[in-house]
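As structure tokens, the structure follows; a few thoughts come after it.
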Amino acid sequence: MGGCRKCILQGMETSISLFFKEIKDPRISRHKLYPLEEILLVALSCLICGGEGYDDMQDYGETKLMTMRQVYPYANGIPSSDTFRRVFMLLDHEHFANCFARWMESLHQRMGAEIVAIDGKAALGSQGERKSPVHMVSAWCHERGVVMGQVATDEKSNEIEAIPRLLKLLDIEGSVVTIDAMGCQRDIAKAIVDRKADYVLALKGNQSTLHQYVKDFFDAHRVDGWREARFDHNESSDKGHGRLETRTVTVTDDLDGAIMLQQKKWPLLRTVVEVTSVRTIKGNTSQERRYYISSLAPEAAKIACAVRAHWSIENQLHWTLDVTFGEDDSLIRKGHGPQNLTILRHTAVSLLKAEKNSKRSMPKKSKLAAWTDDYLIKLYSKTPYFGF
């Protein structure tokens, strides 16, 4: 067993243990019976395998003690649920998030012009006596399917303040950052271009003047047959389950005077975008038009890809957190616990996504990790290259 553990630890030196080593233990040294990395490993393993709260962590650790000892000594056995609760309540979630972002950066290889979707999600079960549930604003790399970083905020409206803090954690040079309408702010656009990235920002009523100008601009040119300005178009369709959707993306940097006056207020704003979606469901057809601003050149295919990729944070990350890891049902509410458990869930998502040898879905990978110790250990001992 000693040789096996040494081999596993050598593998972990290039993966998860680098993350654990950076995290500052919030406890007084003389009171520590259980090293922080032992606590983190049990907690993370428990979440990967479908566990939820602190009681599950203790039960899981006691059941899997011999498996955990393949990685760390656990000289004093498995901590109690109260120890797990105390540690995660005290652990500085901002420091934890910073360590996570640095770990992710150390492990991945850049793919060049990646699409990074930024969006917030509420952990609904975390509200308790709080005025509102904890919101976690996350950056999701579409191409690699991993969380790059996250920042917690107590109010959804505070996402505007949280996004620039998140951007400072990330290496996004050369990437395209997509954000929904709440993040369509001049300061956020500036923070993106300051990091040498481009943006595609959804435009709605919170920027009512610019939104109206852009809408009127496209309405006028649509009636005119797109003749008086340079436009690029891209059309795509999806069909399935009785539903047909056709999306037409129209972009231009040939702007009129009203928009040009607004353009001067936005860092590197170059292009305005209209996305027309026509949906037919069971014979009923509806149409919706959405608008965006971007620092990209007026290439409709590239911007269409960014707009569509933005929804992967909802479909792949948020859905996984709720369905596979039961985040909305979690009743962890006190101290820094909700934020820290969300970061651990993001870690679990990243490790499971990194395992490319299996074509199983995320829920099936989670079950396999619970059923097969070798598969769980493989997630830790193999360096995750996130698709490379």
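Letters A, B, ... mark the chains of the structure tokens in the order given; residue numbers begin at 1 per chain; ligand numbers begin at 1, in order shown.
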
Might you pull out every residue within 9 Å of A:Met362, with only C-alpha atoms counted and same-chain residues fewer than 6 positions away left off, and present them as a CSV table (one decimal) with N, CA and C atoms, in the first residue's frame?
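The resulting file, part-v8.csv, is shown below:
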chain,number,residue,atom,x,y,z
A,320,THR,N,-25.7,20.9,-14.5
A,320,THR,CA,-24.9,19.8,-13.8
A,320,THR,C,-24.9,20.0,-12.3
A,324,THR,N,-26.8,16.9,-11.1
A,324,THR,CA,-25.9,15.9,-10.7
A,324,THR,C,-25.5,16.1,-9.2
A,349,VAL,N,-16.9,19.2,-11.0
A,349,VAL,CA,-17.3,19.3,-12.4
A,349,VAL,C,-16.0,19.3,-13.3
A,352,LEU,N,-14.4,15.7,-13.3
A,352,LEU,CA,-15.1,14.8,-14.1
A,352,LEU,C,-15.1,15.1,-15.6
A,353,LYS,N,-15.1,16.4,-15.9
A,353,LYS,CA,-15.0,16.8,-17.3
A,353,LYS,C,-13.7,16.5,-17.9

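Proximity to stretch 374-379 of chain A at 7 Å, evaluated using only C-alpha atoms and with sequence-adjacent residues fewer than 4 positions away removed, yields Leu351, Glu355, Leu368 and Ala369 of chain A.
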
Query - Nearest to A:Gly240, chosen from A:Ile281, A:Ala191, A:Ala181, A:Cys141, with only C-alpha atoms counted in the distances - result: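 Of A:Ile281, A:Ala191, A:Ala181, A:Cys141, the one nearest A:Gly240 is A:Ile281, counting only C-alpha atoms.
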
Query raised in the report: Can you tell me how far atom CA of A:Asp322 sits from atom CA of A:Ala101, in Å to one decimal?
Result: 21.9 Å

Requested in this report: Can you check which residues of stretch 108-344 of chain A DSSP gives as strand (DSSP E) on the backbone and send them as a PyMOL selection string?
Outcome: chain A and resi 115-122+135-141+146-153+176-179+198-203+232-240+243-252+271-281+284-294

Report task. Figure out the distance between atom CA of A:Val137 and atom CA of A:Arg165, please, to one decimal in Å. Result -> 10.0 Å

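Within the 8 Å cut-off around A:Ala162, using only C-alpha atoms and omitting residues fewer than 6 positions from it on the same chain, the listed residues are A:Val137, A:Val151, A:Ala152, A:Thr153.
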
Would you save the residues from that selection as a PDB file, in the first residue's frame, using C-alpha atoms?
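The result, stored in again.pdb:
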ATOM      1  CA  VAL A 137     -20.614  34.428 -10.634  1.00  0.00           C
ATOM      2  CA  VAL A 151     -16.613  35.039  -7.249  1.00  0.00           C
ATOM      3  CA  ALA A 152     -19.395  34.985  -4.636  1.00  0.00           C
ATOM      4  CA  THR A 153     -21.870  37.789  -4.004  1.00  0.00           C
TER       5      THR A 153
END

Query raised in the report: What's the 6 Å shell around A:Trp140, counting only C-alpha atoms, without same-chain residues fewer than 6 positions away, as a list in words?
Result: Val116, Ala117, Val146, Val147, Met148 and Ile313 of chain A

Query - Residue nearest A:Ala229 - candidates A:Lys64, A:Ser350, A:His241, A:Thr250, atoms counted: only C-alpha atoms - result: A:Thr250

For the contact check between stretch 290-373 of chain A and stretch 31-48 of chain A, emit one row per residue of stretch 290-373 of chain A within 7 Å, containing the shortest atom pair and the distance in Å rounded to one decimal, counting only C-alpha atoms, chain then rising number order, as a tab-separated table.
residue	atom	partner	partner_atom	distance
A:Phe325	CA	A:Leu47	CA	6.9
A:Leu344	CA	A:Leu44	CA	6.1
A:Arg345	CA	A:Leu47	CA	6.7
A:Ala348	CA	A:Ile48	CA	5.5
A:Ser366	CA	A:Ile48	CA	5.7

Report summary line: Of A:Ser286, A:Lys302, A:Glu228, A:Asn158, the one sitting nearest A:Tyr199 when using only C-alpha atoms is A:Lys302

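Residues in contact range of A:Ser294, defined as at most 6 Å between only C-alpha atoms, with sequence neighbours fewer than 2 positions away removed, read Tyr199, Val200, Leu269, Thr271 and Leu296 of chain A.
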
Query raised in the report: DSSP on the backbone: what in stretch 301-330 of chain A comes out alpha helix (DSSP H), as an MDAnalysis selection string?
Result: chainID A and resid 301:310 312 319:323
